[in-house]
>>> print(open('protein.cif').read())   # mmCIF, C-alpha atoms
data_work
loop_
_atom_site.label_atom_id
_atom_site.label_comp_id
_atom_site.auth_asym_id
_atom_site.auth_seq_id
_atom_site.Cartn_x
_atom_site.Cartn_y
_atom_site.Cartn_z
CA MET B 1 5.01 11.81 -11.08
CA ALA B 2 8.39 10.93 -12.48
CA GLU B 3 10.42 8.08 -13.82
CA ASN B 4 13.85 7.30 -15.09
CA HIS B 5 15.75 4.41 -16.64
CA ALA B 6 19.15 4.13 -15.03
CA ASP B 7 18.57 0.74 -13.50
CA ALA B 8 20.68 -1.56 -15.70
CA SER B 9 23.98 -0.41 -14.23
CA LEU B 10 24.68 2.72 -12.22
CA GLU B 11 28.25 2.77 -13.53
CA ARG B 12 27.32 2.54 -17.22
CA ALA B 13 24.47 5.04 -16.84
CA HIS B 14 26.92 7.84 -15.88
CA VAL B 15 24.87 8.87 -12.89
CA ILE B 16 27.76 8.56 -10.41
CA VAL B 17 29.11 12.09 -9.90
CA ASP B 18 31.44 11.30 -7.01
CA PRO B 19 34.03 9.80 -7.20
CA PRO B 20 34.90 11.61 -10.44
CA ASP B 21 35.80 8.37 -12.28
CA GLY B 22 32.15 7.25 -12.03
CA LYS B 23 33.09 3.94 -10.37
CA ILE B 24 31.55 2.63 -7.18
CA PRO B 25 34.34 2.59 -4.53
CA TYR B 26 33.98 -1.05 -3.50
CA ARG B 27 36.12 -2.69 -0.88
CA PRO B 28 38.03 -5.47 -2.71
CA GLU B 29 36.10 -8.35 -1.16
CA ALA B 30 32.79 -6.55 -1.86
CA ARG B 31 33.68 -6.05 -5.54
CA ALA B 32 34.11 -9.82 -5.78
CA ILE B 33 30.58 -10.30 -4.42
CA GLN B 34 29.22 -7.73 -6.89
CA LYS B 35 30.84 -9.63 -9.77
CA GLN B 36 29.26 -12.84 -8.55
CA ASN B 37 25.87 -11.06 -8.26
CA PHE B 38 26.30 -9.81 -11.83
CA ALA B 39 27.00 -13.31 -13.11
CA ASN B 40 23.88 -14.65 -11.35
CA ARG B 41 21.67 -11.63 -11.90
CA ALA B 42 18.98 -13.39 -13.97
CA THR B 43 17.82 -15.24 -10.87
CA ALA B 44 19.66 -13.55 -7.97
CA ASP B 45 18.29 -10.04 -8.48
CA PRO B 46 15.80 -9.52 -5.62
CA GLU B 47 13.52 -7.69 -8.09
CA THR B 48 12.96 -10.98 -9.96
CA ARG B 49 11.65 -12.45 -6.71
CA CYS B 50 9.06 -9.73 -5.98
CA PHE B 51 11.07 -8.00 -3.25
CA GLN B 52 10.47 -4.29 -2.81
CA PRO B 53 13.08 -2.35 -4.80
CA GLY B 54 14.86 -0.58 -1.92
CA VAL B 55 16.38 2.91 -1.85
CA PRO B 56 17.68 4.53 -4.00
CA ARG B 57 16.78 1.88 -6.63
CA ALA B 58 13.04 2.58 -6.36
CA VAL B 59 13.73 6.02 -7.82
CA TYR B 60 15.19 4.70 -11.10
CA VAL B 61 13.48 1.38 -11.81
CA ALA B 62 11.63 1.49 -15.13
CA SER B 63 8.20 2.33 -13.73
CA PRO B 64 6.69 5.56 -12.47
CA PHE B 65 6.09 6.81 -8.97
CA GLN B 66 3.82 9.49 -7.58
CA ILE B 67 4.57 11.96 -4.79
CA PHE B 68 2.02 13.28 -2.32
CA GLN B 69 2.83 15.66 0.49
CA ASN B 70 1.30 17.35 3.50
CA ASP B 71 2.66 19.06 6.60
CA HIS B 72 3.32 15.71 8.22
CA GLY B 73 5.31 13.98 5.53
CA VAL B 74 6.16 13.31 1.91
CA TYR B 75 4.56 10.09 0.63
CA ILE B 76 6.11 8.36 -2.36
CA VAL B 77 4.02 5.65 -4.02
CA TYR B 78 6.01 3.48 -6.42
CA GLN B 79 4.25 1.44 -9.08
CA ASP B 80 6.92 -1.26 -8.71
CA VAL B 81 5.43 -4.02 -6.47
CA HIS B 82 3.17 -1.38 -4.85
CA ALA B 83 6.00 -0.22 -2.60
CA TYR B 84 5.58 3.06 -0.75
CA ARG B 85 7.62 5.23 1.58
CA ILE B 86 6.70 7.89 4.09
CA ILE B 87 9.36 10.55 4.62
CA TYR B 88 8.36 12.08 7.96
CA LEU B 89 8.90 15.84 8.26
CA ASP B 90 8.11 16.14 11.96
CA ARG B 91 11.71 15.89 13.20
CA SER B 92 10.89 12.54 14.76
CA LYS B 93 13.60 9.95 15.36
CA HIS B 94 14.42 7.00 13.12
CA ASN B 95 13.07 3.56 13.92
CA GLU B 96 16.53 2.11 14.33
CA ALA B 97 17.89 -1.02 12.72
CA LEU B 98 14.66 -2.87 12.07
CA GLY B 99 15.76 -4.05 8.65
CA TYR B 100 13.38 -2.49 6.16
CA ALA B 101 13.71 -3.06 2.40
CA MET B 102 12.69 0.58 1.85
CA GLY B 103 14.54 1.91 4.91
CA ASP B 104 13.27 4.39 7.49
CA SER B 105 13.07 7.95 6.12
CA ARG B 106 13.13 11.25 8.03
CA GLY B 107 13.16 14.45 6.02
CA HIS B 108 13.38 18.19 6.25
CA TRP B 109 13.41 21.14 3.88
CA GLU B 110 16.67 22.95 3.10
CA GLY B 111 15.46 25.93 1.13
CA ASN B 112 13.63 24.38 -1.82
CA ALA B 113 15.28 20.97 -1.47
CA LEU B 114 13.68 18.05 0.33
CA VAL B 115 16.47 16.26 2.18
CA ALA B 116 15.74 12.71 3.38
CA ASP B 117 17.92 10.72 5.74
CA VAL B 118 17.33 7.01 5.21
CA THR B 119 18.58 4.26 7.55
CA SER B 120 17.47 0.94 9.09
CA PHE B 121 17.82 -1.03 5.89
CA SER B 122 17.75 -4.76 5.36
CA ASP B 123 20.43 -6.34 3.19
CA THR B 124 17.81 -7.88 0.86
CA THR B 125 17.83 -5.27 -1.92
CA TRP B 126 20.26 -4.32 -4.66
CA LEU B 127 21.20 -0.91 -6.02
CA ASP B 128 20.57 -1.83 -9.67
CA ALA B 129 20.12 -4.79 -12.02
CA ALA B 130 23.89 -5.24 -12.40
CA GLY B 131 24.44 -6.78 -8.98
CA ASN B 132 25.56 -3.62 -7.22
CA TYR B 133 24.57 -4.16 -3.62
CA HIS B 134 24.77 -2.98 -0.02
CA SER B 135 24.69 -4.35 3.53
CA ASP B 136 22.26 -3.54 6.34
CA LYS B 137 24.65 -0.72 7.32
CA LEU B 138 23.52 1.28 4.29
CA HIS B 139 22.86 4.96 4.93
CA VAL B 140 21.39 7.11 2.14
CA THR B 141 21.01 10.89 2.13
CA GLU B 142 18.67 12.03 -0.64
CA ARG B 143 18.01 15.49 -2.06
CA TYR B 144 14.96 16.21 -4.22
CA THR B 145 14.98 19.60 -5.94
CA ARG B 146 12.35 20.86 -8.39
CA SER B 147 14.79 22.34 -10.91
CA SER B 148 12.19 23.13 -13.59
CA PRO B 149 8.40 22.67 -13.88
CA ASP B 150 8.85 19.17 -15.33
CA THR B 151 12.11 18.14 -13.65
CA LEU B 152 13.12 16.91 -10.24
CA THR B 153 16.85 16.73 -9.72
CA TYR B 154 17.56 13.70 -7.58
CA GLU B 155 20.78 13.25 -5.66
CA ALA B 156 21.71 10.47 -3.26
CA THR B 157 24.83 10.05 -1.17
CA ILE B 158 25.40 6.38 -0.41
CA GLU B 159 27.42 5.21 2.57
CA ASP B 160 28.06 1.67 3.72
CA PRO B 161 31.38 0.98 5.46
CA MET B 162 30.89 -2.78 5.13
CA VAL B 163 30.85 -2.55 1.33
CA PHE B 164 32.37 0.76 0.18
CA THR B 165 35.68 2.48 1.02
CA ARG B 166 34.09 5.95 1.02
CA PRO B 167 30.69 7.64 0.51
CA TRP B 168 29.69 8.09 -3.14
CA LYS B 169 27.05 10.08 -4.90
CA ILE B 170 24.58 9.72 -7.76
CA ARG B 171 22.64 12.47 -9.53
CA MET B 172 19.91 12.21 -12.16
CA PRO B 173 16.99 14.16 -13.57
CA LEU B 174 13.47 12.77 -13.03
CA ARG B 175 10.90 13.83 -15.62
CA LEU B 176 7.26 14.62 -14.88
CA GLN B 177 4.96 12.08 -16.58
CA LYS B 178 1.78 13.96 -17.40
CA GLY B 179 -1.53 12.10 -17.48
CA VAL B 180 -0.04 8.85 -16.19
CA GLN B 181 -1.98 6.75 -13.67
CA ILE B 182 -0.03 4.49 -11.31
CA LEU B 183 -1.27 0.95 -11.99
CA GLU B 184 -1.29 -2.03 -9.68
CA ASP B 185 1.81 -4.20 -9.87
CA GLU B 186 1.14 -7.46 -8.05
CA CYS B 187 3.65 -10.28 -8.20
CA GLU B 188 3.24 -13.99 -7.52
CA GLU B 189 4.95 -17.33 -7.64
CA GLY B 190 4.19 -19.33 -10.77
CA GLU B 191 3.84 -23.08 -11.11
CA ASN B 192 7.55 -23.46 -11.82
CA GLY B 193 8.58 -21.56 -8.68
CA ARG B 194 9.53 -18.49 -10.72
CA ARG B 195 7.74 -15.32 -9.79
CA HIS B 196 5.92 -13.12 -12.25
CA HIS B 197 3.98 -9.89 -12.39
CA ILE B 198 0.25 -10.43 -12.92
CA PRO B 199 -1.22 -9.01 -16.16
CA LEU B 200 -3.68 -6.17 -15.57
CA PHE B 201 -5.69 -5.93 -18.75
CA LYS B 202 -8.14 -8.44 -20.10
CA GLN B 203 -7.75 -9.31 -23.76
CA THR B 204 -10.54 -7.81 -25.84
CA PRO B 205 -12.17 -10.24 -28.28
CA MET C 206 -23.15 7.58 36.71
CA ARG C 207 -20.89 10.44 35.76
CA LEU C 208 -19.02 8.15 33.39
CA SER C 209 -22.20 6.99 31.68
CA LEU C 210 -23.37 10.59 31.24
CA PHE C 211 -20.02 11.36 29.66
CA LEU C 212 -20.41 8.42 27.27
CA ILE C 213 -23.93 9.47 26.34
CA SER C 214 -22.82 13.00 25.59
CA LEU C 215 -19.92 11.66 23.51
CA ALA C 216 -22.29 9.44 21.56
CA ALA C 217 -24.66 12.35 21.00
CA PHE C 218 -21.76 14.43 19.75
CA GLY C 219 -20.64 11.64 17.44
CA GLN C 220 -24.05 11.35 15.85
CA SER C 221 -24.75 15.06 15.63
CA PRO C 222 -25.61 16.12 12.09
CA ARG C 223 -23.93 19.40 12.94
CA PHE C 224 -20.47 17.86 13.36
CA GLU C 225 -18.08 20.16 11.56
CA PRO C 226 -15.13 18.19 10.15
CA PRO C 227 -11.66 19.71 9.77
CA ARG C 228 -11.35 21.02 6.23
CA GLN C 229 -8.76 21.29 3.47
CA ALA C 230 -8.00 24.63 1.82
CA ASP C 231 -10.49 23.70 -0.94
CA GLY C 232 -13.30 23.34 1.63
CA HIS C 233 -13.62 19.53 1.52
CA PRO C 234 -13.32 17.51 4.73
CA ASP C 235 -9.76 16.67 5.74
CA LEU C 236 -9.74 12.89 6.29
CA GLN C 237 -5.98 12.72 6.70
CA GLY C 238 -4.41 10.75 9.52
CA VAL C 239 -3.81 7.18 10.64
CA TRP C 240 -6.99 5.13 11.11
CA ARG C 241 -7.99 1.56 11.93
CA ASN C 242 -11.13 -0.51 11.73
CA SER C 243 -12.60 -0.91 15.21
CA ALA C 244 -15.02 -3.74 14.30
CA ILE C 245 -12.20 -6.29 14.21
CA VAL C 246 -14.53 -9.26 13.89
CA ALA C 247 -14.99 -8.21 10.26
CA ALA C 248 -11.41 -9.22 9.49
CA PHE C 249 -12.34 -12.77 10.48
CA ASP C 250 -15.93 -12.95 9.22
CA VAL C 251 -17.98 -10.04 7.89
CA GLU C 252 -21.14 -11.94 8.89
CA GLY C 253 -19.99 -11.99 12.53
CA GLN C 254 -18.95 -14.91 14.69
CA GLY C 255 -18.60 -16.13 18.26
CA ALA C 256 -15.26 -15.62 20.00
CA PHE C 257 -12.83 -18.52 20.05
CA TYR C 258 -9.15 -19.26 20.17
CA ASN C 259 -7.18 -16.23 18.87
CA GLU C 260 -10.25 -14.69 17.18
CA PRO C 261 -12.60 -12.06 18.63
CA GLY C 262 -16.35 -12.41 18.38
CA GLY C 263 -18.80 -9.76 17.24
CA LYS C 264 -21.89 -8.98 15.26
CA SER C 265 -22.16 -8.97 11.52
CA VAL C 266 -20.95 -5.75 9.86
CA ILE C 267 -23.44 -6.33 7.03
CA VAL C 268 -26.23 -3.78 7.65
CA ASP C 269 -28.20 -4.52 4.50
CA PRO C 270 -29.81 -7.07 4.21
CA ALA C 271 -31.12 -6.59 7.75
CA ASP C 272 -30.38 -10.18 8.80
CA GLY C 273 -26.64 -9.51 8.44
CA LYS C 274 -26.18 -12.41 6.02
CA LEU C 275 -24.52 -12.17 2.62
CA PRO C 276 -27.23 -12.85 -0.01
CA TYR C 277 -25.32 -15.59 -1.84
CA LEU C 278 -26.49 -17.31 -4.96
CA PRO C 279 -26.40 -21.10 -4.38
CA ALA C 280 -23.22 -21.88 -6.37
CA ALA C 281 -21.32 -19.03 -4.73
CA LEU C 282 -22.42 -20.13 -1.24
CA LYS C 283 -21.06 -23.57 -2.02
CA GLN C 284 -17.75 -22.00 -3.05
CA ALA C 285 -17.62 -19.85 0.13
CA ASN C 286 -18.27 -22.91 2.30
CA ASP C 287 -15.55 -24.83 0.49
CA ASN C 288 -13.17 -21.90 1.00
CA HIS C 289 -13.97 -21.97 4.71
CA VAL C 290 -12.74 -25.54 4.91
CA HIS C 291 -9.66 -24.55 2.90
CA ARG C 292 -8.73 -21.25 4.52
CA GLU C 293 -5.12 -21.89 3.52
CA ARG C 294 -6.29 -20.50 0.16
CA ASP C 295 -6.83 -17.02 1.64
CA PRO C 296 -4.98 -14.78 -0.86
CA THR C 297 -3.68 -12.49 1.90
CA GLY C 298 -2.05 -15.53 3.48
CA HIS C 299 -0.05 -15.70 0.26
CA CYS C 300 0.90 -12.03 0.64
CA HIS C 301 -1.59 -10.75 -1.92
CA THR C 302 -3.22 -7.38 -1.56
CA HIS C 303 -6.69 -7.33 0.01
CA GLY C 304 -9.14 -6.00 -2.54
CA VAL C 305 -12.16 -3.85 -1.70
CA PRO C 306 -13.75 -3.49 0.82
CA ARG C 307 -11.33 -5.82 2.63
CA LEU C 308 -8.49 -3.30 2.40
CA LEU C 309 -10.24 -1.23 5.09
CA VAL C 310 -11.04 -4.18 7.35
CA PRO C 311 -7.88 -5.77 8.85
CA PRO C 312 -6.73 -4.80 12.36
CA PHE C 313 -3.79 -2.88 10.90
CA PRO C 314 -3.43 0.89 10.53
CA ILE C 315 -4.28 2.76 7.33
CA GLU C 316 -2.99 6.23 6.55
CA ILE C 317 -5.17 8.55 4.48
CA VAL C 318 -3.36 11.23 2.48
CA GLU C 319 -5.50 13.76 0.67
CA ASP C 320 -5.19 16.80 -1.54
CA SER C 321 -7.60 18.42 -3.97
CA HIS C 322 -6.67 15.94 -6.77
CA ASP C 323 -6.41 12.55 -5.03
CA VAL C 324 -7.10 10.60 -1.90
CA VAL C 325 -4.49 7.93 -1.14
CA LEU C 326 -5.03 4.94 1.16
CA LEU C 327 -1.81 3.39 2.47
CA SER C 328 -2.33 0.15 4.34
CA GLU C 329 0.33 -1.29 6.61
CA THR C 330 -0.62 -4.88 5.92
CA GLU C 331 0.72 -6.24 2.61
CA HIS C 332 1.81 -2.64 1.88
CA SER C 333 -1.48 -2.47 0.00
CA LEU C 334 -2.41 0.90 -1.42
CA ARG C 335 -5.03 2.66 -3.48
CA ILE C 336 -4.84 5.99 -5.26
CA ILE C 337 -8.31 7.53 -5.71
CA PRO C 338 -8.33 10.30 -8.35
CA LEU C 339 -10.96 13.00 -7.73
CA ASP C 340 -10.79 14.68 -11.15
CA GLY C 341 -13.71 12.88 -12.77
CA ARG C 342 -11.65 10.90 -15.28
CA PRO C 343 -13.35 7.74 -16.62
CA HIS C 344 -12.55 4.25 -15.36
CA LEU C 345 -9.82 2.25 -17.12
CA LYS C 346 -11.17 -0.18 -19.71
CA ASN C 347 -10.70 -3.96 -19.41
CA TYR C 348 -8.68 -3.46 -16.23
CA ARG C 349 -8.49 -6.52 -13.95
CA SER C 350 -6.72 -6.01 -10.64
CA TRP C 351 -6.76 -6.97 -6.96
CA ASN C 352 -7.68 -3.53 -5.60
CA GLY C 353 -9.74 -2.35 -8.58
CA ASP C 354 -9.84 1.02 -10.27
CA SER C 355 -11.13 3.81 -7.98
CA ARG C 356 -12.79 7.09 -8.91
CA GLY C 357 -13.78 9.47 -6.12
CA ARG C 358 -16.01 12.51 -5.74
CA TRP C 359 -17.39 14.56 -2.89
CA GLU C 360 -21.11 14.44 -2.13
CA GLY C 361 -21.43 17.16 0.49
CA ASP C 362 -19.00 16.11 3.23
CA THR C 363 -18.93 12.45 2.20
CA LEU C 364 -16.19 11.01 -0.02
CA VAL C 365 -17.90 8.65 -2.48
CA VAL C 366 -15.69 6.20 -4.39
CA ASP C 367 -16.78 4.05 -7.31
CA VAL C 368 -14.60 0.96 -7.73
CA ASN C 369 -14.60 -1.63 -10.52
CA GLY C 370 -11.97 -3.48 -12.56
CA PHE C 371 -11.48 -6.36 -10.12
CA ASN C 372 -9.83 -9.69 -10.95
CA GLY C 373 -12.16 -11.78 -8.77
CA ARG C 374 -9.29 -13.37 -6.83
CA THR C 375 -9.81 -11.54 -3.54
CA TRP C 376 -11.75 -12.65 -0.47
CA LEU C 377 -13.85 -10.47 1.84
CA ASP C 378 -12.44 -11.86 5.07
CA GLN C 379 -10.50 -14.78 6.56
CA SER C 380 -13.62 -16.90 6.54
CA GLY C 381 -13.65 -17.48 2.79
CA ASN C 382 -16.43 -15.09 1.73
CA ILE C 383 -15.98 -14.12 -1.90
CA VAL C 384 -16.58 -11.79 -4.81
CA ASP C 385 -15.77 -12.31 -8.48
CA GLU C 386 -14.61 -10.09 -11.33
CA ASN C 387 -18.09 -8.59 -11.78
CA GLU C 388 -17.79 -6.92 -8.38
CA HIS C 389 -18.73 -3.24 -8.29
CA VAL C 390 -18.33 -1.26 -5.07
CA VAL C 391 -19.57 2.18 -4.07
CA GLU C 392 -17.80 3.33 -0.90
CA ARG C 393 -18.80 6.20 1.37
CA TYR C 394 -16.35 7.77 3.85
CA THR C 395 -17.96 10.21 6.31
CA MET C 396 -16.21 11.80 9.28
CA THR C 397 -18.79 11.85 12.07
CA ALA C 398 -16.56 12.89 14.97
CA PRO C 399 -12.96 14.16 15.27
CA ASP C 400 -11.67 10.60 15.64
CA THR C 401 -14.28 8.62 13.67
CA ILE C 402 -14.88 7.92 10.01
CA ILE C 403 -17.90 5.82 9.16
CA TYR C 404 -17.01 3.59 6.22
CA GLU C 405 -19.78 2.04 4.16
CA ALA C 406 -19.35 -0.15 1.11
CA ARG C 407 -22.25 -1.09 -1.16
CA VAL C 408 -21.20 -4.25 -3.01
CA ASP C 409 -22.98 -5.35 -6.16
CA ASP C 410 -21.89 -8.60 -7.80
CA PRO C 411 -24.76 -10.21 -9.71
CA THR C 412 -22.89 -13.47 -10.44
CA VAL C 413 -22.22 -14.07 -6.72
CA TYR C 414 -25.10 -12.35 -4.89
CA SER C 415 -28.85 -12.15 -5.47
CA LEU C 416 -28.91 -8.56 -4.13
CA PRO C 417 -26.45 -5.73 -3.52
CA TRP C 418 -25.41 -5.61 0.14
CA THR C 419 -23.85 -3.01 2.44
CA LEU C 420 -20.97 -3.31 4.90
CA HIS C 421 -20.63 -0.69 7.65
CA ILE C 422 -17.60 -0.25 9.92
CA PRO C 423 -16.26 2.59 12.07
CA LEU C 424 -12.65 3.62 11.47
CA ARG C 425 -11.00 5.01 14.58
CA ARG C 426 -8.19 7.58 14.48
CA GLN C 427 -4.96 6.20 15.95
CA PRO C 428 -2.96 8.10 18.60
CA PRO C 429 -0.70 10.97 17.46
CA GLY C 430 2.70 9.69 16.37
CA THR C 431 1.39 6.33 15.09
CA GLU C 432 3.55 5.34 12.14
CA LEU C 433 2.98 2.63 9.54
CA ILE C 434 5.72 0.03 9.71
CA GLU C 435 7.04 -1.77 6.64
CA TYR C 436 5.22 -5.07 6.18
CA ASP C 437 7.55 -7.84 5.15
CA CYS C 438 5.66 -10.25 2.95
CA VAL C 439 6.80 -11.30 -0.50
CA GLU C 440 3.87 -11.96 -2.79
CA GLY C 441 3.36 -15.52 -3.85
CA GLU C 442 4.86 -17.29 -0.82
CA ARG C 443 2.84 -20.47 -0.91
CA SER C 444 3.76 -21.72 2.53
CA GLU C 445 2.83 -18.59 4.44
CA ILE C 446 -0.24 -19.95 6.21
CA HIS C 447 -1.65 -23.22 7.32
CA TYR C 448 -5.19 -23.12 8.63
CA PRO C 449 -6.72 -26.32 9.91
CA GLY C 450 -9.80 -27.11 7.87
CA THR C 451 -13.03 -26.83 9.84
CA PRO C 452 -16.54 -26.90 8.39
CA LYS C 453 -18.70 -23.89 9.14
CA LYS C 454 -21.90 -23.16 7.33
#
>>> encode(input="protein.cif", output="structure tokens")
Amino acid sequence: MAENHADASLERAHVIVDPPDGKIPYRPEARAIQKQNFANRATADPETRCFQPGVPRAVYVASPFQIFQNDHGVYIVYQDVHAYRIIYLDRSKHNEALGYAMGDSRGHWEGNALVADVTSFSDTTWLDAAGNYHSDKLHVTERYTRSSPDTLTYEATIEDPMVFTRPWKIRMPLRLQKGVQILEDECEEGENGRRHHIPLFKQTP
Amino acid sequence: MRLSLFLISLAAFGQSPRFEPPRQADGHPDLQGVWRNSAIVAAFDVEGQGAFYNEPGGKSVIVDPADGKLPYLPAALKQANDNHVHRERDPTGHCHTHGVPRLLVPPFPIEIVEDSHDVVLLSETEHSLRIIPLDGRPHLKNYRSWNGDSRGRWEGDTLVVDVNGFNGRTWLDQSGNIVDENEHVVERYTMTAPDTIIYEARVDDPTVYSLPWTLHIPLRRQPPGTELIEYDCVEGERSEIHYPGTPKK
């Protein structure tokens, strides 16, 4: 189980390791859209509307996730809006271009690193809460490496020729959260049309 | 004749007390794989129904009481009947997660992932999920959720799961049958053949029912290579369904 808090802005969080300047290599017209997203983020962020967080954002939203694995796949259960992913390890082919919020993941082991190839995205998720975004041509290559007993080193190479001029890469440590139970995170539309996450604990008298 | 003999021998195999399930390294049965309820009528009405437009018929999946009827208290029966007329209220029609035992019931695949610490149920529909810890930790206090708080243990080769902590907002089926936040479920998962898990849920809810009752459905293993597909439903969409109101009970 691990969590991290890099979600506010990938650029400010210093998790971008390539390019060396730590800036997302936007195409000019795409940078303009990101700026507009940033200005409207209080309502435009898909997270505020109960959408699944997408990849790689699910890894660094401010709630934990839990990893299960068997010979068939690696199963990641995110607390955030009860999203989950199955990273198949059986060398099967991607389900192509069906437009999934969480993408279609196929993985394999490279030594001690789990490498996941993720495609078939929708364009309905963002990369963080600062309006950084992608198109449905997004392609993510993730590497999960257990670098110490309590640390997973997470790396993701992000490609999207519609939005970025070149592939770019993030890296961050994910810390093991001992004794944490993943709780239910259900989201619904309120009376005013705004969506909210439903409280889980009854007030004690 | 040959076919019927084959079916009889299959049935005998399925019911054999000597069925030896595949096992995990720790010796417990290995329930992993992709499964689906094969008593689909239960998704529409756990008490059974005749077949009609777009909905299959079938017998009640309630095995106790013996008459297959939910033992409603009068006020709760009135609420269930009102729900049946207003099936547009079905929480799953508004993208909400199913609750228990309904999570096992829809005609959508469910993947079971299991190790010695947890059993995980991943449902395709509504991307519902449950994590069932097996380590004997106590239930959460004052927890109120759609899918409840699950604690599992092995009794011989049967996985037994105690579930409480419900918010009372879930239905049992599309017909409007209900539980409330006093619901308490004891589930039993038993592999009885290589491709069959018998799922039983004992539901106790003293503010809705006069007696505990038991639901029984067979889960059937899905063909090799079956994959869960992402289910695209954003919770809270009010306009998702529109059932015509028809009186029933």
>>> resolve_selection(input="protein.cif", expression="the PyMOL selection byres ((chain B) within 9 of (chain C))", output="PyMOL selection string")
chain B and resi 49-52+68-70+75+77+81-86+92+100-104+181-190+195+198-204
>>> closest_residue(input="protein.cif", among="C:Thr395, C:Thr330, C:Ile315, C:Ser321", to="Ala230 (chain C)", atoms="all atoms listed in the file")
C:Ser321
>>> resolve_selection(input="protein.cif", expression="the PyMOL selection byres ((chain B and resi 168) around 6)", output="ChimeraX atom specification")
/B:18,157-158,167,169
>>> axis_aligned_box(input="protein.cif", around="region 302-318 of chain C", padding_each_side="6 Å", output="JSON")
{"center_x": -8.4, "center_y": 1.9, "center_z": 4.9, "size_x": 22.8, "size_y": 30.6, "size_z": 26.9}
>>> residues_around(input="protein.cif", residues="Asp80 (chain B)", least_positions_apart="4", cutoff="8 Å", atoms="only C-alpha atoms", output="ChimeraX atom specification")
/B:52-53,58,61,63-64,185
>>> write_last_selection(input="protein.cif", atoms="C-alpha atoms", output="short mmCIF file (atom, residue, chain, number, x, y, z; two decimals), in the coordinates of the input")
data_model
loop_
_atom_site.label_atom_id
_atom_site.label_comp_id
_atom_site.auth_asym_id
_atom_site.auth_seq_id
_atom_site.Cartn_x
_atom_site.Cartn_y
_atom_site.Cartn_z
CA GLN B 52 10.47 -4.29 -2.81
CA PRO B 53 13.08 -2.35 -4.80
CA ALA B 58 13.04 2.58 -6.36
CA VAL B 61 13.48 1.38 -11.81
CA SER B 63 8.20 2.33 -13.73
CA PRO B 64 6.69 5.56 -12.47
CA ASP B 185 1.81 -4.20 -9.87
#
>>> residues_around(input="protein.cif", residues="Asp136 (chain B)", least_positions_apart="2", cutoff="9 Å", atoms="only C-alpha atoms", output="PDB file with C-alpha atoms, in the frame of the given file")
ATOM      1  CA  ALA B  97      17.890  -1.020  12.720  1.00  0.00           C
ATOM      2  CA  GLY B  99      15.760  -4.050   8.650  1.00  0.00           C
ATOM      3  CA  TYR B 100      13.380  -2.490   6.160  1.00  0.00           C
ATOM      4  CA  THR B 119      18.580   4.260   7.550  1.00  0.00           C
ATOM      5  CA  SER B 120      17.470   0.940   9.090  1.00  0.00           C
ATOM      6  CA  PHE B 121      17.820  -1.030   5.890  1.00  0.00           C
ATOM      7  CA  SER B 122      17.750  -4.760   5.360  1.00  0.00           C
ATOM      8  CA  ASP B 123      20.430  -6.340   3.190  1.00  0.00           C
ATOM      9  CA  THR B 124      17.810  -7.880   0.860  1.00  0.00           C
ATOM     10  CA  HIS B 134      24.770  -2.980  -0.020  1.00  0.00           C
ATOM     11  CA  LEU B 138      23.520   1.280   4.290  1.00  0.00           C
ATOM     12  CA  HIS B 139      22.860   4.960   4.930  1.00  0.00           C
ATOM     13  CA  ASP B 160      28.060   1.670   3.720  1.00  0.00           C
ATOM     14  CA  MET B 162      30.890  -2.780   5.130  1.00  0.00           C
TER      15      MET B 162
END
>>> atom_distance(input="protein.cif", atom1="CA of Pro429 (chain C)", atom2="CA of Trp109 (chain B)")
22.1 Å
>>> resolve_selection(input="protein.cif", expression="the PyMOL selection byres ((chain B and resi 173) around 9)", output="number ranges by chain")
B: 3-4, 147, 151-155, 171-172, 174-175
>>> atom_distance(input="protein.cif", atom1="CA of Val365 (chain C)", atom2="CA of Pro306 (chain C)")
13.2 Å
>>> closest_residue(input="protein.cif", among="C:Ile383, C:Ile422, C:Met396, C:Val366", to="Ala281 (chain C)", atoms="all atoms listed in the file")
C:Ile383
>>> residues_around(input="protein.cif", residues="region 407-418 of chain C", least_positions_apart="4", cutoff="9 Å", atoms="all atoms listed in the file", output="PyMOL selection string")
chain C and resi 267-270+275-282+306+383-393
>>> write_last_selection(input="protein.cif", atoms="C-alpha atoms", output="short mmCIF file (atom, residue, chain, number, x, y, z; two decimals), in the coordinates of the input")
data_model
loop_
_atom_site.label_atom_id
_atom_site.label_comp_id
_atom_site.auth_asym_id
_atom_site.auth_seq_id
_atom_site.Cartn_x
_atom_site.Cartn_y
_atom_site.Cartn_z
CA ILE C 267 -23.44 -6.33 7.03
CA VAL C 268 -26.23 -3.78 7.65
CA ASP C 269 -28.20 -4.52 4.50
CA PRO C 270 -29.81 -7.07 4.21
CA LEU C 275 -24.52 -12.17 2.62
CA PRO C 276 -27.23 -12.85 -0.01
CA TYR C 277 -25.32 -15.59 -1.84
CA LEU C 278 -26.49 -17.31 -4.96
CA PRO C 279 -26.40 -21.10 -4.38
CA ALA C 280 -23.22 -21.88 -6.37
CA ALA C 281 -21.32 -19.03 -4.73
CA LEU C 282 -22.42 -20.13 -1.24
CA PRO C 306 -13.75 -3.49 0.82
CA ILE C 383 -15.98 -14.12 -1.90
CA VAL C 384 -16.58 -11.79 -4.81
CA ASP C 385 -15.77 -12.31 -8.48
CA GLU C 386 -14.61 -10.09 -11.33
CA ASN C 387 -18.09 -8.59 -11.78
CA GLU C 388 -17.79 -6.92 -8.38
CA HIS C 389 -18.73 -3.24 -8.29
CA VAL C 390 -18.33 -1.26 -5.07
CA VAL C 391 -19.57 2.18 -4.07
CA GLU C 392 -17.80 3.33 -0.90
CA ARG C 393 -18.80 6.20 1.37
#
